[in-house]
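*Asks:* For reference, this is data_30.pdb, and it has PDB, C-alpha atoms (C1' of nucleotides).
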```
ATOM      1  CA  MET A   1      99.882  85.013  83.445  1.00  0.00           C
ATOM      2  CA  ASP A   2     102.002  83.623  86.244  1.00  0.00           C
ATOM      3  CA  GLY A   3     100.921  82.550  89.691  1.00  0.00           C
ATOM      4  CA  ILE A   4     100.947  79.188  91.333  1.00  0.00           C
ATOM      5  CA  GLY A   5      97.393  78.478  90.250  1.00  0.00           C
ATOM      6  CA  ASN A   6      98.159  78.733  86.562  1.00  0.00           C
ATOM      7  CA  TYR A   7     101.326  76.764  87.049  1.00  0.00           C
ATOM      8  CA  ILE A   8      99.347  73.864  88.497  1.00  0.00           C
ATOM      9  CA  LYS A   9      96.767  74.207  85.755  1.00  0.00           C
ATOM     10  CA  ARG A  10      99.402  73.933  83.038  1.00  0.00           C
ATOM     11  CA  LYS A  11     101.116  70.982  84.634  1.00  0.00           C
ATOM     12  CA  ARG A  12      97.823  69.202  85.100  1.00  0.00           C
ATOM     13  CA  ALA A  13      96.917  69.763  81.458  1.00  0.00           C
ATOM     14  CA  GLU A  14     100.259  68.310  80.390  1.00  0.00           C
ATOM     15  CA  LEU A  15      99.364  65.086  82.141  1.00  0.00           C
ATOM     16  CA  ASN A  16      95.762  65.084  80.904  1.00  0.00           C
ATOM     17  CA  LEU A  17      94.396  64.817  84.419  1.00  0.00           C
ATOM     18  CA  THR A  18      91.093  66.121  85.694  1.00  0.00           C
ATOM     19  CA  GLN A  19      90.983  68.211  88.842  1.00  0.00           C
ATOM     20  CA  GLU A  20      89.396  65.257  90.557  1.00  0.00           C
ATOM     21  CA  LYS A  21      92.176  62.834  89.658  1.00  0.00           C
ATOM     22  CA  LEU A  22      94.930  65.271  90.506  1.00  0.00           C
ATOM     23  CA  ALA A  23      93.340  66.021  93.867  1.00  0.00           C
ATOM     24  CA  LEU A  24      93.180  62.299  94.545  1.00  0.00           C
ATOM     25  CA  LYS A  25      96.820  61.738  93.578  1.00  0.00           C
ATOM     26  CA  ALA A  26      97.945  64.651  95.712  1.00  0.00           C
ATOM     27  CA  GLY A  27      95.843  63.654  98.689  1.00  0.00           C
ATOM     28  CA  VAL A  28      93.979  66.940  98.877  1.00  0.00           C
ATOM     29  CA  GLY A  29      90.310  67.747  98.595  1.00  0.00           C
ATOM     30  CA  LEU A  30      88.752  68.590  95.274  1.00  0.00           C
ATOM     31  CA  ARG A  31      87.576  71.917  96.549  1.00  0.00           C
ATOM     32  CA  PHE A  32      91.060  72.792  97.694  1.00  0.00           C
ATOM     33  CA  LEU A  33      92.588  72.025  94.314  1.00  0.00           C
ATOM     34  CA  ARG A  34      90.046  74.232  92.620  1.00  0.00           C
ATOM     35  CA  GLU A  35      90.724  77.140  94.944  1.00  0.00           C
ATOM     36  CA  LEU A  36      94.423  76.598  94.323  1.00  0.00           C
ATOM     37  CA  GLU A  37      94.075  76.763  90.553  1.00  0.00           C
ATOM     38  CA  GLN A  38      91.935  79.854  90.906  1.00  0.00           C
ATOM     39  CA  GLY A  39      94.650  81.669  92.778  1.00  0.00           C
ATOM     40  CA  LYS A  40      93.326  81.783  96.320  1.00  0.00           C
ATOM     41  CA  SER A  41      96.100  83.318  98.363  1.00  0.00           C
ATOM     42  CA  THR A  42      95.289  82.117 101.861  1.00  0.00           C
ATOM     43  CA  LEU A  43      95.846  78.413 101.337  1.00  0.00           C
ATOM     44  CA  ARG A  44      98.078  76.413 103.612  1.00  0.00           C
ATOM     45  CA  MET A  45     101.620  75.797 102.410  1.00  0.00           C
ATOM     46  CA  ASP A  46     101.706  72.110 103.262  1.00  0.00           C
ATOM     47  CA  LYS A  47      98.650  71.399 101.148  1.00  0.00           C
ATOM     48  CA  VAL A  48     100.043  73.362  98.226  1.00  0.00           C
ATOM     49  CA  ASN A  49     103.292  71.433  98.547  1.00  0.00           C
ATOM     50  CA  GLN A  50     101.428  68.151  98.374  1.00  0.00           C
ATOM     51  CA  VAL A  51     100.328  69.142  94.888  1.00  0.00           C
ATOM     52  CA  LEU A  52     103.630  70.678  93.767  1.00  0.00           C
ATOM     53  CA  GLN A  53     105.535  67.550  94.749  1.00  0.00           C
ATOM     54  CA  LEU A  54     103.798  65.644  91.982  1.00  0.00           C
ATOM     55  CA  PHE A  55     105.702  67.891  89.594  1.00  0.00           C
ATOM     56  CA  GLY A  56     109.015  67.771  91.462  1.00  0.00           C
ATOM     57  CA  GLN A  57     108.481  71.266  92.820  1.00  0.00           C
ATOM     58  CA  GLU A  58     107.904  72.875  96.174  1.00  0.00           C
ATOM     59  CA  LEU A  59     107.155  76.314  97.542  1.00  0.00           C
ATOM     60  CA  GLY A  60     110.166  78.528  97.984  1.00  0.00           C
ATOM     61  CA  PRO A  61     111.132  82.199  97.897  1.00  0.00           C
ATOM     62  CA  VAL A  62     111.510  83.520  94.373  1.00  0.00           C
ATOM     63  CA  PRO A  63     112.070  87.075  93.175  1.00  0.00           C
ATOM     64  CA  ILE A  64     108.869  89.019  92.632  1.00  0.00           C
ATOM     65  CA  ASN A  65     108.011  89.454  88.942  1.00  0.00           C
ATOM     66  CA  ARG A  66     110.071  86.482  87.888  1.00  0.00           C
ATOM     67  CA  ASN A  67     109.141  84.088  85.104  1.00  0.00           C
ATOM     68  CA  VAL A  68     107.459  80.868  86.140  1.00  0.00           C
ATOM     69  CA  PRO A  69     109.617  77.788  85.417  1.00  0.00           C
ATOM     70  CA  GLU A  70     108.430  75.438  82.653  1.00  0.00           C
TER      71      GLU A  70
ATOM     72  CA  MET B   1     120.332  74.368 105.617  1.00  0.00           C
ATOM     73  CA  ASP B   2     117.655  75.536 103.247  1.00  0.00           C
ATOM     74  CA  GLY B   3     113.962  76.035 103.907  1.00  0.00           C
ATOM     75  CA  ILE B   4     111.924  79.165 104.001  1.00  0.00           C
ATOM     76  CA  GLY B   5     112.438  79.546 107.718  1.00  0.00           C
ATOM     77  CA  ASN B   6     116.193  79.763 107.483  1.00  0.00           C
ATOM     78  CA  TYR B   7     115.911  82.024 104.492  1.00  0.00           C
ATOM     79  CA  ILE B   8     113.906  84.518 106.537  1.00  0.00           C
ATOM     80  CA  LYS B   9     116.278  84.148 109.437  1.00  0.00           C
ATOM     81  CA  ARG B  10     119.280  85.001 107.271  1.00  0.00           C
ATOM     82  CA  LYS B  11     117.606  87.969 105.658  1.00  0.00           C
ATOM     83  CA  ARG B  12     116.493  89.269 109.019  1.00  0.00           C
ATOM     84  CA  ALA B  13     120.023  88.980 110.368  1.00  0.00           C
ATOM     85  CA  GLU B  14     121.350  90.920 107.389  1.00  0.00           C
ATOM     86  CA  LEU B  15     119.149  93.826 108.384  1.00  0.00           C
ATOM     87  CA  ASN B  16     119.899  93.489 112.080  1.00  0.00           C
ATOM     88  CA  LEU B  17     116.242  93.257 112.973  1.00  0.00           C
ATOM     89  CA  THR B  18     114.684  91.440 115.907  1.00  0.00           C
ATOM     90  CA  GLN B  19     111.800  89.058 115.320  1.00  0.00           C
ATOM     91  CA  GLU B  20     109.575  91.626 116.937  1.00  0.00           C
ATOM     92  CA  LYS B  21     110.560  94.439 114.597  1.00  0.00           C
ATOM     93  CA  LEU B  22     110.366  92.288 111.494  1.00  0.00           C
ATOM     94  CA  ALA B  23     106.923  91.040 112.473  1.00  0.00           C
ATOM     95  CA  LEU B  24     105.828  94.616 112.934  1.00  0.00           C
ATOM     96  CA  LYS B  25     107.199  95.703 109.554  1.00  0.00           C
ATOM     97  CA  ALA B  26     105.566  92.743 107.835  1.00  0.00           C
ATOM     98  CA  GLY B  27     102.237  93.204 109.564  1.00  0.00           C
ATOM     99  CA  VAL B  28     102.154  89.717 111.025  1.00  0.00           C
ATOM    100  CA  GLY B  29     102.034  88.505 114.582  1.00  0.00           C
ATOM    101  CA  LEU B  30     105.195  87.810 116.505  1.00  0.00           C
ATOM    102  CA  ARG B  31     104.162  84.237 117.126  1.00  0.00           C
ATOM    103  CA  PHE B  32     103.610  83.684 113.442  1.00  0.00           C
ATOM    104  CA  LEU B  33     107.047  84.949 112.501  1.00  0.00           C
ATOM    105  CA  ARG B  34     108.606  82.623 115.029  1.00  0.00           C
ATOM    106  CA  GLU B  35     106.751  79.612 113.726  1.00  0.00           C
ATOM    107  CA  LEU B  36     107.807  80.640 110.237  1.00  0.00           C
ATOM    108  CA  GLU B  37     111.485  80.815 111.112  1.00  0.00           C
ATOM    109  CA  GLN B  38     111.211  77.476 112.872  1.00  0.00           C
ATOM    110  CA  GLY B  39     109.963  75.804 109.731  1.00  0.00           C
ATOM    111  CA  LYS B  40     106.307  75.190 110.510  1.00  0.00           C
ATOM    112  CA  SER B  41     104.841  73.806 107.310  1.00  0.00           C
ATOM    113  CA  THR B  42     101.150  74.529 107.768  1.00  0.00           C
ATOM    114  CA  LEU B  43     101.320  78.303 107.642  1.00  0.00           C
ATOM    115  CA  ARG B  44      99.157  80.315 105.310  1.00  0.00           C
ATOM    116  CA  MET B  45     100.712  81.482 102.059  1.00  0.00           C
ATOM    117  CA  ASP B  46      99.445  85.039 102.268  1.00  0.00           C
ATOM    118  CA  LYS B  47     101.055  85.593 105.646  1.00  0.00           C
ATOM    119  CA  VAL B  48     104.345  84.118 104.485  1.00  0.00           C
ATOM    120  CA  ASN B  49     104.233  86.377 101.454  1.00  0.00           C
ATOM    121  CA  GLN B  50     103.773  89.409 103.645  1.00  0.00           C
ATOM    122  CA  VAL B  51     107.181  88.665 105.122  1.00  0.00           C
ATOM    123  CA  LEU B  52     108.896  87.654 101.888  1.00  0.00           C
ATOM    124  CA  GLN B  53     107.812  90.877 100.209  1.00  0.00           C
ATOM    125  CA  LEU B  54     110.102  92.825 102.512  1.00  0.00           C
ATOM    126  CA  PHE B  55     112.967  91.085 100.730  1.00  0.00           C
ATOM    127  CA  GLY B  56     111.532  91.409  97.238  1.00  0.00           C
ATOM    128  CA  GLN B  57     110.535  87.761  97.191  1.00  0.00           C
ATOM    129  CA  GLU B  58     107.340  85.762  97.098  1.00  0.00           C
ATOM    130  CA  LEU B  59     106.298  82.124  97.277  1.00  0.00           C
ATOM    131  CA  GLY B  60     106.523  80.245  94.033  1.00  0.00           C
ATOM    132  CA  PRO B  61     107.184  76.761  92.701  1.00  0.00           C
ATOM    133  CA  VAL B  62     110.865  75.877  92.693  1.00  0.00           C
ATOM    134  CA  PRO B  63     112.549  72.567  91.959  1.00  0.00           C
ATOM    135  CA  ILE B  64     112.932  70.320  94.988  1.00  0.00           C
ATOM    136  CA  ASN B  65     116.519  70.220  96.293  1.00  0.00           C
ATOM    137  CA  ARG B  66     117.374  73.535  94.762  1.00  0.00           C
ATOM    138  CA  ASN B  67     119.721  76.104  96.275  1.00  0.00           C
ATOM    139  CA  VAL B  68     118.136  78.966  98.114  1.00  0.00           C
ATOM    140  CA  PRO B  69     118.757  82.321  96.388  1.00  0.00           C
ATOM    141  CA  GLU B  70     121.044  84.789  98.166  1.00  0.00           C
TER     142      GLU B  70
ATOM    143  C1'  DC C   1      70.103  68.546  70.238  1.00  0.00           C
ATOM    144  C1'  DA C   2      71.116  65.167  73.825  1.00  0.00           C
ATOM    145  C1'  DT C   3      74.412  63.143  76.813  1.00  0.00           C
ATOM    146  C1'  DA C   4      78.331  62.822  79.419  1.00  0.00           C
ATOM    147  C1'  DT C   5      82.259  64.979  81.440  1.00  0.00           C
ATOM    148  C1'  DC C   6      84.538  68.606  83.652  1.00  0.00           C
ATOM    149  C1'  DT C   7      84.581  72.870  86.230  1.00  0.00           C
ATOM    150  C1'  DA C   8      82.662  76.586  89.325  1.00  0.00           C
ATOM    151  C1'  DT C   9      80.121  78.222  93.323  1.00  0.00           C
ATOM    152  C1'  DA C  10      77.678  77.652  97.819  1.00  0.00           C
ATOM    153  C1'  DC C  11      76.662  75.417 102.210  1.00  0.00           C
ATOM    154  C1'  DC C  12      77.673  72.809 106.799  1.00  0.00           C
ATOM    155  C1'  DC C  13      80.984  71.979 110.229  1.00  0.00           C
ATOM    156  C1'  DG C  14      85.118  69.918 112.719  1.00  0.00           C
ATOM    157  C1'  DT C  15      89.819  71.264 113.057  1.00  0.00           C
ATOM    158  C1'  DT C  16      93.548  74.499 112.938  1.00  0.00           C
ATOM    159  C1'  DT C  17      95.493  78.781 112.249  1.00  0.00           C
ATOM    160  C1'  DG C  18      97.092  83.231 114.018  1.00  0.00           C
ATOM    161  C1'  DG C  19      96.859  87.108 117.184  1.00  0.00           C
ATOM    162  C1'  DG C  20      97.660  88.391 121.766  1.00  0.00           C
ATOM    163  C1'  DT C  21      99.579  87.531 126.173  1.00  0.00           C
ATOM    164  C1'  DA C  22     102.348  85.449 129.769  1.00  0.00           C
ATOM    165  C1'  DT C  23     106.226  82.859 131.207  1.00  0.00           C
ATOM    166  C1'  DA C  24     110.617  80.614 130.688  1.00  0.00           C
ATOM    167  C1'  DA C  25     114.858  79.817 128.463  1.00  0.00           C
ATOM    168  C1'  DA C  26     118.773  81.359 125.916  1.00  0.00           C
ATOM    169  C1'  DA C  27     122.017  84.760 124.324  1.00  0.00           C
ATOM    170  C1'  DA C  28     124.358  88.930 124.503  1.00  0.00           C
ATOM    171  C1'  DT C  29     126.528  92.679 127.186  1.00  0.00           C
ATOM    172  C1'  DA C  30     128.595  95.158 131.096  1.00  0.00           C
TER     173       DA C  30
ATOM    174  C1'  DT D   1     127.761  87.181 138.014  1.00  0.00           C
ATOM    175  C1'  DA D   2     124.047  90.393 137.100  1.00  0.00           C
ATOM    176  C1'  DT D   3     121.272  92.729 133.680  1.00  0.00           C
ATOM    177  C1'  DT D   4     119.242  93.320 129.454  1.00  0.00           C
ATOM    178  C1'  DT D   5     117.803  91.705 125.176  1.00  0.00           C
ATOM    179  C1'  DT D   6     116.195  88.237 122.272  1.00  0.00           C
ATOM    180  C1'  DT D   7     114.066  83.926 121.398  1.00  0.00           C
ATOM    181  C1'  DA D   8     111.113  79.814 122.603  1.00  0.00           C
ATOM    182  C1'  DT D   9     107.001  77.554 124.454  1.00  0.00           C
ATOM    183  C1'  DA D  10     102.145  77.414 126.301  1.00  0.00           C
ATOM    184  C1'  DC D  11      97.391  79.085 126.752  1.00  0.00           C
ATOM    185  C1'  DC D  12      92.738  81.289 125.159  1.00  0.00           C
ATOM    186  C1'  DC D  13      89.673  82.159 121.425  1.00  0.00           C
ATOM    187  C1'  DA D  14      87.639  84.407 117.228  1.00  0.00           C
ATOM    188  C1'  DA D  15      88.226  83.636 112.434  1.00  0.00           C
ATOM    189  C1'  DA D  16      89.294  80.870 108.500  1.00  0.00           C
ATOM    190  C1'  DC D  17      90.692  76.717 106.306  1.00  0.00           C
ATOM    191  C1'  DG D  18      89.571  72.415 104.151  1.00  0.00           C
ATOM    192  C1'  DG D  19      86.832  68.287 103.467  1.00  0.00           C
ATOM    193  C1'  DG D  20      82.600  66.670 101.829  1.00  0.00           C
ATOM    194  C1'  DT D  21      78.452  67.374  99.365  1.00  0.00           C
ATOM    195  C1'  DA D  22      74.978  69.438  96.359  1.00  0.00           C
ATOM    196  C1'  DT D  23      73.864  72.204  92.536  1.00  0.00           C
ATOM    197  C1'  DA D  24      74.555  74.871  88.483  1.00  0.00           C
ATOM    198  C1'  DG D  25      77.257  76.246  84.602  1.00  0.00           C
ATOM    199  C1'  DA D  26      80.506  75.195  81.036  1.00  0.00           C
ATOM    200  C1'  DT D  27      82.720  72.207  77.764  1.00  0.00           C
ATOM    201  C1'  DA D  28      83.232  68.282  74.997  1.00  0.00           C
ATOM    202  C1'  DT D  29      81.370  64.327  72.359  1.00  0.00           C
ATOM    203  C1'  DG D  30      77.928  61.436  69.784  1.00  0.00           C
TER     204       DG D  30
END
```
Go through the file and emit its structure as C-alpha coordinates.

*Replies:*
Amino acid sequence: MDGIGNYIKRKRAELNLTQEKLALKAGVGLRFLRELEQGKSTLRMDKVNQVLQLFGQELGPVPINRNVPE
Amino acid sequence: MDGIGNYIKRKRAELNLTQEKLALKAGVGLRFLRELEQGKSTLRMDKVNQVLQLFGQELGPVPINRNVPE
DNA sequence: CATATCTATACCCGTTTGGGTATAAAAATA
DNA sequence: TATTTTTATACCCAAACGGGTATAGATATG
(Lines of atoms letter the chains of each structure in order from A and count residues from 1; the text may use other names and numbers.)
(Lines give C-alpha, C1' and ligand atoms only; values in the text may rest on other atoms or scores of the structure.)
Protein backbone atom coordinates (compact mmCIF):
# COMPACT_ATOMS: atom_id res chain seq x y z
CA MET A 1 0.00 0.00 0.00
CA ASP A 2 2.88 2.36 0.67
CA GLY A 3 6.07 2.77 -1.29
CA ILE A 4 7.39 5.67 -3.24
CA GLY A 5 5.86 4.38 -6.45
CA ASN A 6 2.32 4.49 -5.15
CA TYR A 7 2.97 7.84 -3.57
CA ILE A 8 3.92 9.30 -6.95
CA LYS A 9 0.95 7.59 -8.56
CA ARG A 10 -1.47 9.15 -6.10
CA LYS A 11 0.02 12.60 -6.41
CA ARG A 12 -0.04 12.38 -10.18
CA ALA A 13 -3.69 11.36 -10.13
CA GLU A 14 -4.52 14.33 -7.92
CA LEU A 15 -3.18 16.63 -10.60
CA ASN A 16 -4.80 14.71 -13.46
CA LEU A 17 -1.49 14.29 -15.25
CA THR A 18 -0.47 11.47 -17.53
CA GLN A 19 2.82 9.70 -16.99
CA GLU A 20 4.07 11.41 -20.10
CA LYS A 21 3.27 14.92 -18.89
CA LEU A 22 4.63 14.31 -15.42
CA ALA A 23 7.85 12.91 -16.85
CA LEU A 24 8.16 16.00 -19.01
CA LYS A 25 7.55 18.37 -16.10
CA ALA A 26 10.06 16.54 -13.94
CA GLY A 27 12.68 16.34 -16.65
CA VAL A 28 12.96 12.57 -16.54
CA GLY A 29 12.36 9.94 -19.18
CA LEU A 30 8.98 8.34 -19.58
CA ARG A 31 10.42 4.92 -19.03
CA PHE A 32 12.01 6.03 -15.80
CA LEU A 33 8.76 7.42 -14.43
CA ARG A 34 7.01 4.17 -15.19
CA GLU A 35 9.65 2.10 -13.43
CA LEU A 36 9.39 4.50 -10.51
CA GLU A 37 5.64 4.10 -10.18
CA GLN A 38 6.04 0.35 -10.43
CA GLY A 39 8.36 0.28 -7.47
CA LYS A 40 11.73 -0.44 -9.03
CA SER A 41 14.19 -0.25 -6.18
CA THR A 42 17.46 0.42 -7.98
CA LEU A 43 16.66 3.85 -9.36
CA ARG A 44 18.97 6.77 -8.84
CA MET A 45 18.11 9.14 -6.00
CA ASP A 46 18.63 12.33 -7.97
CA LYS A 47 16.13 11.28 -10.61
CA VAL A 48 13.58 10.29 -8.01
CA ASN A 49 14.07 13.65 -6.31
CA GLN A 50 13.39 15.45 -9.56
CA VAL A 51 9.91 13.96 -9.48
CA LEU A 52 9.31 14.37 -5.74
CA GLN A 53 10.20 18.05 -5.90
CA LEU A 54 7.10 18.70 -7.96
CA PHE A 55 5.15 17.74 -4.85
CA GLY A 56 7.35 19.63 -2.39
CA GLN A 57 8.96 16.40 -1.21
CA GLU A 58 12.36 14.80 -1.34
CA LEU A 59 13.95 11.51 -0.38
CA GLY A 60 14.92 11.23 3.24
CA PRO A 61 15.28 8.61 5.98
CA VAL A 62 11.95 7.62 7.48
CA PRO A 63 11.16 4.87 9.97
CA ILE A 64 10.45 1.52 8.35
CA ASN A 65 6.74 0.62 8.38
CA ARG A 66 5.65 4.21 8.72
CA ASN A 67 2.57 5.70 7.09
CA VAL A 68 3.12 7.57 3.85
CA PRO A 69 2.36 11.31 4.18
CA GLU A 70 -0.73 12.62 2.35
CA MET B 1 23.21 20.27 8.57
CA ASP B 2 20.68 17.82 7.26
CA GLY B 3 20.97 15.47 4.31
CA ILE B 4 21.13 11.73 4.20
CA GLY B 5 24.90 11.76 4.31
CA ASN B 6 25.10 13.55 7.62
CA TYR B 7 22.31 11.42 8.98
CA ILE B 8 24.35 8.28 8.29
CA LYS B 9 27.44 9.91 9.69
CA ARG B 10 25.71 10.72 12.97
CA LYS B 11 24.20 7.28 13.33
CA ARG B 12 27.52 5.66 12.59
CA ALA B 13 29.22 7.79 15.22
CA GLU B 14 26.60 6.78 17.77
CA LEU B 15 27.61 3.17 17.28
CA ASN B 16 31.31 3.93 17.22
CA LEU B 17 31.78 2.22 13.89
CA THR B 18 34.34 3.00 11.22
CA GLN B 19 33.23 3.50 7.63
CA GLU B 20 34.82 0.17 6.86
CA LYS B 21 32.87 -1.75 9.48
CA LEU B 22 29.58 -0.08 8.64
CA ALA B 23 30.06 -0.82 4.95
CA LEU B 24 30.72 -4.42 5.82
CA LYS B 25 27.63 -4.69 8.02
CA ALA B 26 25.47 -3.07 5.35
CA GLY B 27 26.86 -5.18 2.54
CA VAL B 28 27.98 -2.23 0.45
CA GLY B 29 31.37 -1.19 -0.78
CA LEU B 30 33.56 1.10 1.25
CA ARG B 31 33.73 3.61 -1.56
CA PHE B 32 29.97 3.71 -1.80
CA LEU B 33 29.54 4.43 1.89
CA ARG B 34 32.00 7.27 1.64
CA GLU B 35 30.23 8.83 -1.30
CA LEU B 36 26.98 8.44 0.62
CA GLU B 37 28.27 10.25 3.68
CA GLN B 38 29.67 12.98 1.47
CA GLY B 39 26.27 13.68 -0.01
CA LYS B 40 26.59 12.29 -3.52
CA SER B 41 23.13 12.63 -5.02
CA THR B 42 23.25 10.08 -7.82
CA LEU B 43 23.49 6.96 -5.70
CA ARG B 44 21.13 4.06 -6.15
CA MET B 45 18.19 3.82 -3.77
CA ASP B 46 18.58 0.13 -3.02
CA LYS B 47 22.15 0.58 -1.85
CA VAL B 48 21.23 3.54 0.32
CA ASN B 49 18.43 1.50 1.82
CA GLN B 50 20.82 -1.27 2.70
CA VAL B 51 22.59 1.19 4.98
CA LEU B 52 19.48 2.88 6.36
CA GLN B 53 18.00 -0.46 7.35
CA LEU B 54 20.71 -0.86 9.97
CA PHE B 55 19.10 2.09 11.73
CA GLY B 56 15.52 0.98 11.19
CA GLN B 57 15.03 3.56 8.46
CA GLU B 58 14.40 3.57 4.74
CA LEU B 59 14.13 6.12 1.95
CA GLY B 60 10.77 7.77 1.62
CA PRO B 61 9.20 11.05 0.56
CA VAL B 62 9.52 13.74 3.21
CA PRO B 63 8.67 17.42 3.01
CA ILE B 64 11.50 19.60 1.74
CA ASN B 65 13.18 21.60 4.53
CA ARG B 66 12.06 19.20 7.18
CA ASN B 67 14.06 18.28 10.28
CA VAL B 68 15.96 15.05 10.17
CA PRO B 69 14.63 12.50 12.68
CA GLU B 70 16.87 11.64 15.64
C1' DC C 1 -17.85 -1.96 -31.78
C1' DA C 2 -14.50 1.51 -33.19
C1' DT C 3 -11.37 5.03 -31.88
C1' DA C 4 -8.39 7.42 -29.11
C1' DT C 5 -5.76 7.70 -24.97
C1' DC C 6 -2.99 5.86 -21.48
C1' DT C 7 -0.04 2.32 -19.60
C1' DA C 8 3.16 -1.79 -19.72
C1' DT C 9 6.99 -4.43 -21.58
C1' DA C 10 11.11 -5.14 -24.57
C1' DC C 11 15.14 -3.69 -27.21
C1' DC C 12 19.56 -0.85 -28.36
C1' DC C 13 23.24 1.67 -26.49
C1' DG C 14 25.97 5.65 -24.43
C1' DT C 15 26.94 6.99 -19.81
C1' DT C 16 27.53 6.20 -14.97
C1' DT C 17 27.45 3.58 -11.01
C1' DG C 18 29.79 0.67 -7.61
C1' DG C 19 33.25 -2.68 -6.24
C1' DG C 20 37.99 -3.25 -5.55
C1' DT C 21 42.49 -1.42 -5.00
C1' DA C 22 46.16 1.88 -4.26
C1' DT C 23 47.77 6.15 -2.53
C1' DA C 24 47.53 10.36 0.07
C1' DA C 25 45.72 13.23 3.55
C1' DA C 26 43.77 13.93 8.01
C1' DA C 27 42.86 12.71 12.74
C1' DA C 28 43.68 10.41 16.85
C1' DT C 29 46.92 8.42 20.25
C1' DA C 30 51.24 7.48 22.72
C1' DT D 1 57.26 13.96 16.90
C1' DA D 2 56.25 9.26 15.56
C1' DT D 3 52.77 5.74 14.92
C1' DT D 4 48.42 4.08 14.12
C1' DT D 5 43.88 4.61 12.67
C1' DT D 6 40.51 6.65 9.93
C1' DT D 7 39.02 9.18 6.02
C1' DA D 8 39.51 11.14 1.22
C1' DT D 9 40.68 10.93 -3.68
C1' DA D 10 41.96 8.53 -8.11
C1' DC D 11 42.04 4.62 -11.31
C1' DC D 12 40.16 0.26 -13.86
C1' DC D 13 36.21 -2.17 -15.47
C1' DA D 14 32.04 -5.24 -15.42
C1' DA D 15 27.29 -4.37 -14.65
C1' DA D 16 23.26 -1.54 -14.62
C1' DC D 17 20.86 2.68 -15.29
C1' DG D 18 18.20 5.70 -18.16
C1' DG D 19 16.85 7.75 -22.52
C1' DG D 20 14.61 6.86 -26.69
C1' DT D 21 11.78 4.03 -29.47
C1' DA D 22 8.62 0.38 -30.91
C1' DT D 23 4.97 -2.63 -29.87
C1' DA D 24 1.28 -4.62 -27.33
C1' DG D 25 -2.14 -4.44 -23.79
C1' DA D 26 -5.41 -1.91 -21.09
C1' DT D 27 -8.68 1.73 -20.31
C1' DA D 28 -11.72 5.27 -21.52
C1' DT D 29 -14.90 7.60 -24.77
C1' DG D 30 -18.10 8.19 -28.81

*Asks:* When the PyMOL selection byres ((chain A) within 10 of (chain D)) is applied to the file above, which residues end up in the set, as a VMD selection string?

*Replies:* chain A and resid 28 to 32 42 to 44 47

*Asks:* What is the distance, in Å and to one decimal place, between CA of Ala26 in chain B and CA of Ile4 in chain B?

*Replies:*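 CA of Ala26 in chain B sits 15.5 Å away from CA of Ile4 in chain B.
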
*Asks:* Decode the PyMOL selection byres ((chain A) within 9 of (chain C)) for the given file into explicit residues and return them as a list in words.

*Replies:*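 Output of the PyMOL selection byres ((chain A) within 9 of (chain C)): Thr18, Gln19 and Arg34 of chain A.
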
*Asks:* Just to confirm, what's the straight-line distance from CA of Glu58 in chain B to CA of Pro61 in chain A in Å (one decimal)?

*Replies:*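 Taking CA of Glu58 in chain B as the start and CA of Pro61 in chain A as the end point, the length is 5.3 Å.
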
*Asks:* Point out the residue among A:Asn6, A:Gln38, A:Asn49, A:Gln57 with the least atom-to-atom distance to chain B, counting only C-alpha atoms.

*Replies:*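 Checking each of A:Asn6, A:Gln38, A:Asn49, A:Gln57 against chain B, counting only C-alpha atoms, the winner is A:Gln57.
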
*Asks:* Can you work out which residues from chain B touch chain A at a cut-off of 12 Å (counting only C-alpha atoms) and hand them back as a ChimeraX atom specification?

*Replies:* /B:2-8,11,36,39-70
